There are 2 protein chains.
Amino acid sequence: MTTLNKQKPDTRQNLIQAAAWLIHRHGYHGTGLSDILARSNAPKGVLYYHFPGGKPELAVAALALTTEIFNQQLLMAAKRTRTATGFIKAMADLTKEDLLVSDYRAGCPLTTTALETAPEEPALTTACRDGFEVWISTVANIFETHGLPKVKARRLAEQSMAGFEGALAIARTRKDVSIIDLTADGLIQILTAQRQ
Amino acid sequence: MTTLNKQKPDTRQNLIQAAAWLIHRHGYHGTGLSDILARSNAPKGVLYYHFPGGKPELAVAALALTTEIFNQQLLMAAKRTRTATGFIKAMADLTKEDLLVSDYRAGCPLTTTALETAPEEPALTTACRDGFEVWISTVANIFETHGLPKVKARRLAEQSMAGFEGALAIARTRKDVSIIDLTADGLIQILTAQRQ
DNA sequence: TCCTCTATAGACCAGTCGGTCTATTCTTGA
DNA sequence: TCAAGAATAGACCGACTGGTCTATAGAGGA
């Protein structure tokens with residue numbers, strides 16, 4: 001699923017990765033084509049050859065890549081955890097990791113792009129919505145494997161995504177990740193309350 | 001506190017309000033000076049007369065205005081509610097209101113700006129951090145008046161802000177506010193669990 | 001009445017934006 | 001060996017960006 005396309009991956013993939021990296025840090029409007037081109041060492045003609053739709057089309061591909069990568073991280077984290085509580089803590093760690101390795105320069109590209117562009121660029125809004133849905137479904141499935149009933153698993157997954165996304169934004173302004181742990185604690189309390 | 005400055009308010013205040021309205025919808029990078037000028041019917045010279053620091057300085061003022069307005073809405077909502085649970089529901093209603101009256105065109109300007117610009121525009125990041133702190137302090141105080149101990153009130157306030165901010169972003173991509181109510185339900189469960 | 005300071009007005013600027021276009025190079029099958 | 005499509009390369013474009021500058025209008029005191 002990660003290598004579906006038959007195209008020679010180098011240039012096209014480099015463009016997508018460069019765009020994803022930059023949008024992750026500066027958002028959609030804050031990322032210029034010239035930045036993407038410089039980062040991927042590509043001339044302009046190449047971009048419009050691979051993405052006739054221009055910047056929006058490339059951004060959609062970049063958001064899809066980001067969605068897939070984080071989804072894989074969620075699945076890997078699930079393999080390492082044996083309880084729903086443990087998985088919530090693992091999600092908190094994943095959320096913190098992005099902030100710490102980037103020195104608070106990178107947030108969630110889906111949230112950033114969604115807030116910047118919805119609903120003016122429908123393709124981008126759709127990409128964000130689909131990305132959130134992928135993540136929430138994955139998290140809900142993981143909660144189910146840890147014994148939560150389907151409906152409660154889905155609810156807790158939505159609450160988790162909302163909590164961590166908001167905590168990420170606030171943590172970035174503070175250069176302090178503690179609100180992410182606080183959010184995890186809250187989710188664990190919800191989980192525990194539901195178990196009773 | 002709402003009318004501290006001695007300056008004749010018209011032009012300057014119009015600029016701030018126009019900037020706040022636009023940043024609310026399109027974010028910092030998505031809002032151009034020309035948009036702000038057009039919306040406030042002002043020529044360019046006026047902007048740089050009142051805000052020598054240019055766009056960033058005006059944006060900081062706009063974020064401060066937004067902070068203050070929403071803070072007043074929190075305080076008003078607190079007057080209408082008698083329990084912590086009721087206040088959580090009132091926060092959910094406030095969060096939903098922005099989305100619904102703007103047809104999902106407006107999110108939280110603090111979150112949007114923070115994700116777009118941190119940490120490249122320190123003044124903006126600071127304005128966002130300060131804004132979040134104002135809101136969280138207000139919410140924590142309100143929880144205290146409803147009987148929560150200080151530490152727990154602060155924790156629940158942080159969890160609330162994170163949850164509603166994240167829910168707002170996701171709701172915007174879906175054009176559906178239900179995740180905001182779900183978030184409120186989760187916060188109420190945390191509250192109840194802490195009461196035991 | 002005139003002077004001075006505040007504020008308004010908008011022409012103008014260099015730089016950058018996303019996007020188009022044509023020329024060239026690479027690759028590959030005949 | 002050569003033709004043809006795929007891919008690369010970057011010059012070029014109009015529109016727009018945030019920002020500067022000078023000219024002028026308005027207000028208030030002497």
# chains A, B, ... in the order shown; residues from 1 in each chain; ligands from 1
call {"tool": "residues_around", "arguments": {"residues": "DA14 in chain C", "least_positions_apart": "3", "cutoff": "12 Å", "atoms": "only C-alpha atoms (C1' of nucleotides)", "output": "VMD selection string"}}
result
chain D and resid 17 to 20
call {"tool": "write_last_selection", "arguments": {"atoms": "N, CA and C atoms (P, O5', C5', C4', C3', O3' and C1' of nucleotides)", "output": "tab-separated table (two decimals), in the first residue's frame"}}
result
chain	number	residue	atom	x	y	z
D	17	DT	P	-2.62	40.38	-2.33
D	17	DT	O5'	-1.28	40.30	-1.47
D	17	DT	C5'	-0.42	39.15	-1.57
D	17	DT	C4'	0.93	39.51	-0.97
D	17	DT	C3'	0.87	40.58	0.10
D	17	DT	O3'	0.70	39.95	1.36
D	17	DT	C1'	2.68	40.98	-1.44
D	18	DG	P	0.24	40.91	2.60
D	18	DG	O5'	1.58	41.66	3.03
D	18	DG	C5'	2.69	40.89	3.49
D	18	DG	C4'	3.89	41.80	3.63
D	18	DG	C3'	3.75	42.91	4.68
D	18	DG	O3'	5.00	43.05	5.35
D	18	DG	C1'	4.16	43.87	2.55
D	19	DG	P	5.21	44.24	6.41
D	19	DG	O5'	5.74	45.45	5.53
D	19	DG	C5'	6.98	45.29	4.83
D	19	DG	C4'	7.37	46.60	4.18
D	19	DG	C3'	7.27	47.83	5.08
D	19	DG	O3'	8.53	48.49	5.09
D	19	DG	C1'	6.22	48.22	3.00
D	20	DT	P	8.76	49.84	5.92
D	20	DT	O5'	8.80	50.95	4.79
D	20	DT	C5'	9.70	50.78	3.69
D	20	DT	C4'	9.61	51.98	2.76
D	20	DT	C3'	9.74	53.34	3.44
D	20	DT	O3'	10.72	54.10	2.73
D	20	DT	C1'	7.80	53.31	2.08
call {"tool": "closest_atom_pairs", "arguments": {"of": "chain D", "to": "chain A", "cutoff": "10 Å", "atoms": "only C-alpha atoms (C1' of nucleotides)", "output": "CSV"}}
result
residue,atom,partner,partner_atom,distance
D:DA7,C1',A:Val46,CA,7.6
D:DT8,C1',A:Val46,CA,6.4
D:DA9,C1',A:Pro43,CA,6.0
D:DG10,C1',A:Pro43,CA,6.6
call {"tool": "write_last_selection", "arguments": {"atoms": "N, CA and C atoms (P, O5', C5', C4', C3', O3' and C1' of nucleotides)", "output": "mmCIF file, in the first residue's frame"}}
result
data_model
loop_
_atom_site.group_PDB
_atom_site.id
_atom_site.type_symbol
_atom_site.label_atom_id
_atom_site.label_comp_id
_atom_site.auth_asym_id
_atom_site.auth_seq_id
_atom_site.Cartn_x
_atom_site.Cartn_y
_atom_site.Cartn_z
ATOM 1 P P DA D 7 7.749 9.761 -17.002
ATOM 2 O "O5'" DA D 7 8.785 10.946 -16.832
ATOM 3 C "C5'" DA D 7 10.184 10.625 -16.855
ATOM 4 C "C4'" DA D 7 10.979 11.902 -16.925
ATOM 5 C "C3'" DA D 7 10.686 12.926 -15.829
ATOM 6 O "O3'" DA D 7 11.797 12.912 -14.945
ATOM 7 C "C1'" DA D 7 11.069 13.934 -17.967
ATOM 8 P P DT D 8 11.977 14.020 -13.818
ATOM 9 O "O5'" DT D 8 12.855 15.129 -14.561
ATOM 10 C "C5'" DT D 8 14.108 14.754 -15.129
ATOM 11 C "C4'" DT D 8 14.778 15.966 -15.747
ATOM 12 C "C3'" DT D 8 15.004 17.149 -14.814
ATOM 13 O "O3'" DT D 8 16.353 17.553 -14.953
ATOM 14 C "C1'" DT D 8 13.982 17.867 -16.805
ATOM 15 P P DA D 9 17.079 18.458 -13.896
ATOM 16 O "O5'" DA D 9 16.997 19.893 -14.553
ATOM 17 C "C5'" DA D 9 17.639 20.132 -15.816
ATOM 18 C "C4'" DA D 9 17.179 21.461 -16.375
ATOM 19 C "C3'" DA D 9 17.070 22.595 -15.368
ATOM 20 O "O3'" DA D 9 18.176 23.458 -15.548
ATOM 21 C "C1'" DA D 9 15.326 22.625 -17.006
ATOM 22 P P DG D 10 18.530 24.535 -14.419
ATOM 23 O "O5'" DG D 10 17.725 25.815 -14.922
ATOM 24 C "C5'" DG D 10 17.976 26.317 -16.224
ATOM 25 C "C4'" DG D 10 16.875 27.273 -16.634
ATOM 26 C "C3'" DG D 10 16.547 28.368 -15.599
ATOM 27 O "O3'" DG D 10 16.304 29.582 -16.284
ATOM 28 C "C1'" DG D 10 14.617 27.350 -16.264
#
call {"tool": "interface_residues", "arguments": {"of": "chain B", "to": "chain A", "cutoff": "6 Å", "atoms": "only C-alpha atoms", "output": "PyMOL selection string"}}
result
chain B and resi 26-27+29+112+115-116+125+129+159+162-163+165-167+173+183+189-190
call {"tool": "write_last_selection", "arguments": {"atoms": "N, CA and C atoms", "output": "short mmCIF file (atom, residue, chain, number, x, y, z; two decimals), in the first residue's frame"}}
result
data_model
loop_
_atom_site.label_atom_id
_atom_site.label_comp_id
_atom_site.auth_asym_id
_atom_site.auth_seq_id
_atom_site.Cartn_x
_atom_site.Cartn_y
_atom_site.Cartn_z
N HIS B 26 -9.24 33.24 7.70
CA HIS B 26 -8.22 32.82 6.73
C HIS B 26 -6.84 32.62 7.34
N GLY B 27 -6.70 32.87 8.61
CA GLY B 27 -5.38 32.75 9.23
C GLY B 27 -4.52 33.95 8.92
N HIS B 29 -1.31 34.12 7.39
CA HIS B 29 -0.74 34.21 6.04
C HIS B 29 -1.82 34.36 4.97
N THR B 112 -5.05 28.74 14.80
CA THR B 112 -4.62 28.87 13.42
C THR B 112 -3.31 29.63 13.33
N LEU B 115 -0.26 27.75 14.82
CA LEU B 115 0.26 26.65 13.99
C LEU B 115 0.95 27.17 12.74
N GLU B 116 0.46 28.29 12.22
CA GLU B 116 1.06 28.83 11.00
C GLU B 116 2.42 29.47 11.24
N THR B 125 3.42 34.32 18.29
CA THR B 125 3.38 33.14 19.16
C THR B 125 3.09 33.55 20.60
N ARG B 129 0.01 32.42 22.96
CA ARG B 129 0.24 31.81 24.27
C ARG B 129 -0.50 32.61 25.35
N GLN B 159 -7.42 20.71 30.03
CA GLN B 159 -7.99 19.63 29.23
C GLN B 159 -9.16 20.13 28.37
N ALA B 162 -7.76 22.25 25.37
CA ALA B 162 -7.17 21.37 24.36
C ALA B 162 -8.26 20.62 23.60
N GLY B 163 -9.20 20.06 24.34
CA GLY B 163 -10.25 19.27 23.70
C GLY B 163 -11.10 20.10 22.75
N GLU B 165 -10.40 23.01 21.33
CA GLU B 165 -9.63 23.52 20.18
C GLU B 165 -9.48 22.45 19.11
N GLY B 166 -9.12 21.24 19.55
CA GLY B 166 -8.97 20.17 18.58
C GLY B 166 -10.29 19.80 17.92
N ALA B 167 -11.33 19.74 18.73
CA ALA B 167 -12.64 19.38 18.19
C ALA B 167 -13.10 20.41 17.16
N THR B 173 -13.54 20.50 9.28
CA THR B 173 -13.32 19.72 8.07
C THR B 173 -14.55 18.89 7.71
N THR B 183 -16.75 15.78 22.90
CA THR B 183 -15.66 16.28 23.74
C THR B 183 -16.20 16.77 25.08
N GLN B 189 -17.21 13.49 32.05
CA GLN B 189 -16.81 12.22 32.70
C GLN B 189 -15.56 12.40 33.54
N ILE B 190 -14.61 13.19 33.03
CA ILE B 190 -13.41 13.46 33.81
C ILE B 190 -13.79 14.18 35.11
#
call {"tool": "closest_atom_pairs", "arguments": {"of": "chain C", "to": "chain A", "cutoff": "8 Å", "atoms": "only C-alpha atoms (C1' of nucleotides)", "output": "JSON lines"}}
result
{"residue": "C:DC17", "atom": "C1'", "partner": "A:Gly32", "partner_atom": "CA", "distance": 7.6}
{"residue": "C:DG18", "atom": "C1'", "partner": "A:Leu33", "partner_atom": "CA", "distance": 7.4}
{"residue": "C:DG19", "atom": "C1'", "partner": "A:Gly54", "partner_atom": "CA", "distance": 7.8}
call {"tool": "closest_residue", "arguments": {"among": "D:DA30, D:DA6, D:DA11, D:DA25", "to": "DT1 in chain C", "atoms": "only C-alpha atoms (C1' of nucleotides)"}}
result
D:DA30
call {"tool": "atom_distance", "arguments": {"atom1": "CA of Leu63 in chain A", "atom2": "CA of Ala20 in chain A"}}
result
6.5 Å
call {"tool": "residues_around", "arguments": {"residues": "DA27 in chain D", "least_positions_apart": "3", "cutoff": "12 Å", "atoms": "only C-alpha atoms (C1' of nucleotides)", "output": "PyMOL selection string"}}
result
chain C and resi 3-7
call {"tool": "write_last_selection", "arguments": {"atoms": "C-alpha atoms (C1' of nucleotides)", "output": "PDB file, in the first residue's frame"}}
result
ATOM      1  C1'  DC C   3       0.710  77.626  12.778  1.00  0.00           C
ATOM      2  C1'  DT C   4       1.471  73.006  14.173  1.00  0.00           C
ATOM      3  C1'  DC C   5       0.585  68.474  15.029  1.00  0.00           C
ATOM      4  C1'  DT C   6      -2.429  64.551  14.016  1.00  0.00           C
ATOM      5  C1'  DA C   7      -4.290  61.817  10.749  1.00  0.00           C
TER       6       DA C   7
END
call {"tool": "atom_distance", "arguments": {"atom1": "CA of Gln17 in chain A", "atom2": "CA of Ala62 in chain A"}}
result
6.6 Å
call {"tool": "decode", "arguments": {"residues": "range 7-19 of chain C", "atoms": "all heavy atoms", "output": "compact mmCIF listing (two decimals), in the first residue's frame"}}
result
# COMPACT_ATOMS: atom_id res chain seq x y z
P DA C 7 -3.81 61.11 16.08
OP1 DA C 7 -4.96 60.77 16.94
OP2 DA C 7 -2.51 60.42 16.26
O5' DA C 7 -4.28 60.96 14.57
C5' DA C 7 -5.46 61.65 14.15
C4' DA C 7 -5.56 61.60 12.65
O4' DA C 7 -4.46 62.32 12.06
C3' DA C 7 -5.50 60.19 12.04
O3' DA C 7 -6.82 59.87 11.60
C2' DA C 7 -4.49 60.31 10.88
C1' DA C 7 -4.29 61.82 10.75
N9 DA C 7 -2.96 62.23 10.31
C8 DA C 7 -1.77 62.04 10.96
N7 DA C 7 -0.73 62.54 10.33
C5 DA C 7 -1.28 63.11 9.19
C6 DA C 7 -0.71 63.81 8.11
N6 DA C 7 0.60 64.06 8.00
N1 DA C 7 -1.54 64.24 7.13
C2 DA C 7 -2.84 63.99 7.24
N3 DA C 7 -3.51 63.34 8.21
C4 DA C 7 -2.65 62.93 9.16
P DT C 8 -7.12 58.61 10.74
OP1 DT C 8 -8.52 58.26 10.98
OP2 DT C 8 -6.05 57.63 10.95
O5' DT C 8 -7.01 59.17 9.24
C5' DT C 8 -7.83 60.27 8.87
C4' DT C 8 -7.54 60.67 7.43
O4' DT C 8 -6.16 61.08 7.30
C3' DT C 8 -7.76 59.56 6.40
O3' DT C 8 -8.59 60.09 5.38
C2' DT C 8 -6.36 59.22 5.92
C1' DT C 8 -5.67 60.57 6.08
N1 DT C 8 -4.19 60.53 6.23
C2 DT C 8 -3.42 61.17 5.29
O2 DT C 8 -3.88 61.76 4.33
N3 DT C 8 -2.06 61.11 5.51
C4 DT C 8 -1.42 60.49 6.58
O4 DT C 8 -0.21 60.50 6.68
C5 DT C 8 -2.30 59.83 7.52
C7 DT C 8 -1.72 59.11 8.71
C6 DT C 8 -3.63 59.89 7.30
P DA C 9 -9.32 59.15 4.35
OP1 DA C 9 -10.59 59.81 3.97
OP2 DA C 9 -9.34 57.80 4.94
O5' DA C 9 -8.34 59.13 3.10
C5' DA C 9 -8.08 60.34 2.40
C4' DA C 9 -6.93 60.14 1.46
O4' DA C 9 -5.68 60.12 2.19
C3' DA C 9 -6.93 58.83 0.68
O3' DA C 9 -7.37 59.10 -0.64
C2' DA C 9 -5.49 58.33 0.74
C1' DA C 9 -4.74 59.51 1.33
N9 DA C 9 -3.58 59.16 2.16
C8 DA C 9 -3.58 58.48 3.35
N7 DA C 9 -2.39 58.32 3.88
C5 DA C 9 -1.54 58.93 2.97
C6 DA C 9 -0.14 59.09 2.95
N6 DA C 9 0.67 58.65 3.90
N1 DA C 9 0.39 59.76 1.89
C2 DA C 9 -0.43 60.21 0.94
N3 DA C 9 -1.75 60.11 0.85
C4 DA C 9 -2.26 59.45 1.91
P DG C 10 -7.82 57.90 -1.59
OP1 DG C 10 -8.78 58.41 -2.59
OP2 DG C 10 -8.19 56.77 -0.73
O5' DG C 10 -6.46 57.54 -2.35
C5' DG C 10 -5.78 58.56 -3.06
C4' DG C 10 -4.37 58.13 -3.36
O4' DG C 10 -3.60 58.04 -2.14
C3' DG C 10 -4.23 56.73 -4.02
O3' DG C 10 -3.23 56.79 -5.00
C2' DG C 10 -3.77 55.87 -2.86
C1' DG C 10 -2.81 56.88 -2.23
N9 DG C 10 -2.29 56.48 -0.93
C8 DG C 10 -2.93 55.81 0.07
N7 DG C 10 -2.17 55.59 1.11
C5 DG C 10 -0.95 56.15 0.78
C6 DG C 10 0.26 56.23 1.50
O6 DG C 10 0.50 55.79 2.62
N1 DG C 10 1.24 56.89 0.79
C2 DG C 10 1.08 57.43 -0.46
N2 DG C 10 2.14 58.03 -0.99
N3 DG C 10 -0.05 57.37 -1.15
C4 DG C 10 -1.02 56.71 -0.47
P DA C 11 -3.56 56.42 -6.55
OP1 DA C 11 -4.66 57.29 -7.02
OP2 DA C 11 -3.68 54.95 -6.64
O5' DA C 11 -2.20 56.87 -7.29
C5' DA C 11 -1.70 58.18 -7.10
C4' DA C 11 -0.19 58.17 -6.92
O4' DA C 11 0.14 57.73 -5.58
C3' DA C 11 0.56 57.23 -7.88
O3' DA C 11 1.76 57.89 -8.31
C2' DA C 11 0.87 56.02 -7.01
C1' DA C 11 1.07 56.65 -5.64
N9 DA C 11 0.78 55.76 -4.51
C8 DA C 11 -0.40 55.13 -4.26
N7 DA C 11 -0.40 54.41 -3.16
C5 DA C 11 0.88 54.60 -2.65
C6 DA C 11 1.52 54.10 -1.49
N6 DA C 11 0.92 53.30 -0.61
N1 DA C 11 2.80 54.48 -1.28
C2 DA C 11 3.39 55.28 -2.18
N3 DA C 11 2.89 55.82 -3.28
C4 DA C 11 1.61 55.43 -3.47
P DC C 12 2.62 57.25 -9.54
OP1 DC C 12 3.36 58.37 -10.15
OP2 DC C 12 1.73 56.37 -10.34
O5' DC C 12 3.66 56.31 -8.78
C5' DC C 12 4.58 56.90 -7.86
C4' DC C 12 5.29 55.82 -7.09
O4' DC C 12 4.37 55.21 -6.16
C3' DC C 12 5.84 54.66 -7.92
O3' DC C 12 7.25 54.80 -8.01
C2' DC C 12 5.46 53.40 -7.13
C1' DC C 12 4.90 53.95 -5.82
N1 DC C 12 3.83 53.12 -5.20
C2 DC C 12 4.07 52.50 -3.97
O2 DC C 12 5.16 52.65 -3.43
N3 DC C 12 3.09 51.75 -3.40
C4 DC C 12 1.91 51.62 -4.02
N4 DC C 12 0.97 50.88 -3.43
C5 DC C 12 1.65 52.24 -5.28
C6 DC C 12 2.62 52.98 -5.83
P DC C 13 8.12 53.84 -8.94
OP1 DC C 13 9.28 54.61 -9.45
OP2 DC C 13 7.21 53.14 -9.90
O5' DC C 13 8.65 52.79 -7.91
C5' DC C 13 9.30 53.21 -6.70
C4' DC C 13 9.61 51.99 -5.85
O4' DC C 13 8.41 51.59 -5.15
C3' DC C 13 10.04 50.79 -6.68
O3' DC C 13 11.41 50.51 -6.46
C2' DC C 13 9.16 49.64 -6.21
C1' DC C 13 8.43 50.19 -4.99
N1 DC C 13 7.02 49.71 -4.90
C2 DC C 13 6.65 48.86 -3.85
O2 DC C 13 7.49 48.51 -3.02
N3 DC C 13 5.36 48.44 -3.77
C4 DC C 13 4.48 48.85 -4.69
N4 DC C 13 3.22 48.42 -4.58
C5 DC C 13 4.84 49.70 -5.76
C6 DC C 13 6.12 50.11 -5.82
P DA C 14 12.26 49.78 -7.63
OP1 DA C 14 13.38 50.66 -8.01
OP2 DA C 14 11.33 49.27 -8.66
O5' DA C 14 12.84 48.53 -6.84
C5' DA C 14 13.23 48.66 -5.48
C4' DA C 14 12.91 47.39 -4.73
O4' DA C 14 11.48 47.21 -4.60
C3' DA C 14 13.43 46.12 -5.40
O3' DA C 14 14.00 45.29 -4.39
C2' DA C 14 12.19 45.50 -6.03
C1' DA C 14 11.12 45.90 -5.03
N9 DA C 14 9.76 46.01 -5.59
C8 DA C 14 9.39 46.60 -6.76
N7 DA C 14 8.08 46.56 -6.99
C5 DA C 14 7.58 45.90 -5.88
C6 DA C 14 6.27 45.53 -5.52
N6 DA C 14 5.19 45.80 -6.26
N1 DA C 14 6.11 44.87 -4.36
C2 DA C 14 7.19 44.61 -3.61
N3 DA C 14 8.47 44.90 -3.85
C4 DA C 14 8.60 45.55 -5.01
P DG C 15 14.76 43.96 -4.81
OP1 DG C 15 15.94 43.82 -3.91
OP2 DG C 15 14.90 43.87 -6.28
O5' DG C 15 13.69 42.87 -4.34
C5' DG C 15 13.22 42.93 -2.99
C4' DG C 15 12.13 41.91 -2.80
O4' DG C 15 10.91 42.36 -3.47
C3' DG C 15 12.44 40.53 -3.36
O3' DG C 15 12.18 39.57 -2.34
C2' DG C 15 11.51 40.37 -4.56
C1' DG C 15 10.35 41.29 -4.19
N9 DG C 15 9.66 41.87 -5.34
C8 DG C 15 10.22 42.55 -6.38
N7 DG C 15 9.35 42.96 -7.27
C5 DG C 15 8.13 42.52 -6.78
C6 DG C 15 6.82 42.66 -7.30
O6 DG C 15 6.47 43.23 -8.34
N1 DG C 15 5.87 42.06 -6.49
C2 DG C 15 6.14 41.40 -5.32
N2 DG C 15 5.10 40.88 -4.67
N3 DG C 15 7.36 41.26 -4.81
C4 DG C 15 8.29 41.84 -5.59
P DT C 16 12.58 38.06 -2.51
OP1 DT C 16 13.11 37.63 -1.20
OP2 DT C 16 13.37 37.89 -3.76
O5' DT C 16 11.17 37.35 -2.72
C5' DT C 16 10.11 37.63 -1.82
C4' DT C 16 8.81 37.15 -2.41
O4' DT C 16 8.45 38.00 -3.52
C3' DT C 16 8.88 35.73 -2.97
O3' DT C 16 8.03 34.90 -2.19
C2' DT C 16 8.38 35.87 -4.42
C1' DT C 16 7.68 37.22 -4.41
N1 DT C 16 7.65 37.92 -5.72
C2 DT C 16 6.44 38.17 -6.31
O2 DT C 16 5.38 37.85 -5.83
N3 DT C 16 6.51 38.84 -7.51
C4 DT C 16 7.66 39.27 -8.16
O4 DT C 16 7.59 39.86 -9.22
C5 DT C 16 8.90 38.96 -7.48
C7 DT C 16 10.20 39.37 -8.09
C6 DT C 16 8.84 38.31 -6.31
P DC C 17 7.85 33.39 -2.48
OP1 DC C 17 7.87 32.77 -1.16
OP2 DC C 17 8.81 32.98 -3.55
O5' DC C 17 6.39 33.27 -3.09
C5' DC C 17 5.33 34.00 -2.47
C4' DC C 17 4.12 33.98 -3.39
O4' DC C 17 4.27 35.02 -4.39
C3' DC C 17 3.99 32.70 -4.19
O3' DC C 17 3.23 31.78 -3.43
C2' DC C 17 3.21 33.17 -5.43
C1' DC C 17 3.64 34.63 -5.59
N1 DC C 17 4.62 34.90 -6.69
C2 DC C 17 4.16 35.36 -7.93
O2 DC C 17 2.94 35.47 -8.10
N3 DC C 17 5.07 35.64 -8.89
C4 DC C 17 6.37 35.50 -8.65
N4 DC C 17 7.22 35.80 -9.62
C5 DC C 17 6.85 35.03 -7.39
C6 DC C 17 5.96 34.74 -6.44
P DG C 18 3.34 30.24 -3.83
OP1 DG C 18 2.74 29.46 -2.73
OP2 DG C 18 4.73 29.98 -4.24
O5' DG C 18 2.41 30.12 -5.12
C5' DG C 18 1.04 30.42 -5.01
C4' DG C 18 0.42 30.45 -6.39
O4' DG C 18 1.16 31.37 -7.22
C3' DG C 18 0.43 29.11 -7.12
O3' DG C 18 -0.80 28.96 -7.83
C2' DG C 18 1.62 29.24 -8.06
C1' DG C 18 1.61 30.73 -8.39
N9 DG C 18 2.94 31.23 -8.72
C8 DG C 18 4.08 31.03 -7.99
N7 DG C 18 5.14 31.57 -8.54
C5 DG C 18 4.67 32.17 -9.69
C6 DG C 18 5.35 32.91 -10.68
O6 DG C 18 6.55 33.18 -10.74
N1 DG C 18 4.50 33.34 -11.69
C2 DG C 18 3.14 33.09 -11.72
N2 DG C 18 2.47 33.58 -12.77
N3 DG C 18 2.49 32.40 -10.80
C4 DG C 18 3.32 31.97 -9.81
P DG C 19 -1.01 27.67 -8.77
OP1 DG C 19 -2.47 27.46 -8.89
OP2 DG C 19 -0.15 26.57 -8.30
O5' DG C 19 -0.49 28.16 -10.19
C5' DG C 19 -1.11 29.28 -10.79
C4' DG C 19 -0.52 29.52 -12.17
O4' DG C 19 0.82 30.05 -12.03
C3' DG C 19 -0.40 28.26 -13.05
O3' DG C 19 -1.15 28.46 -14.23
C2' DG C 19 1.09 28.11 -13.30
C1' DG C 19 1.61 29.52 -13.07
N9 DG C 19 3.01 29.57 -12.64
C8 DG C 19 3.56 28.98 -11.52
N7 DG C 19 4.84 29.18 -11.42
C5 DG C 19 5.16 29.95 -12.53
C6 DG C 19 6.40 30.47 -12.95
O6 DG C 19 7.50 30.36 -12.41
N1 DG C 19 6.28 31.19 -14.14
C2 DG C 19 5.11 31.38 -14.83
N2 DG C 19 5.19 32.09 -15.95
N3 DG C 19 3.94 30.89 -14.44
C4 DG C 19 4.04 30.20 -13.30
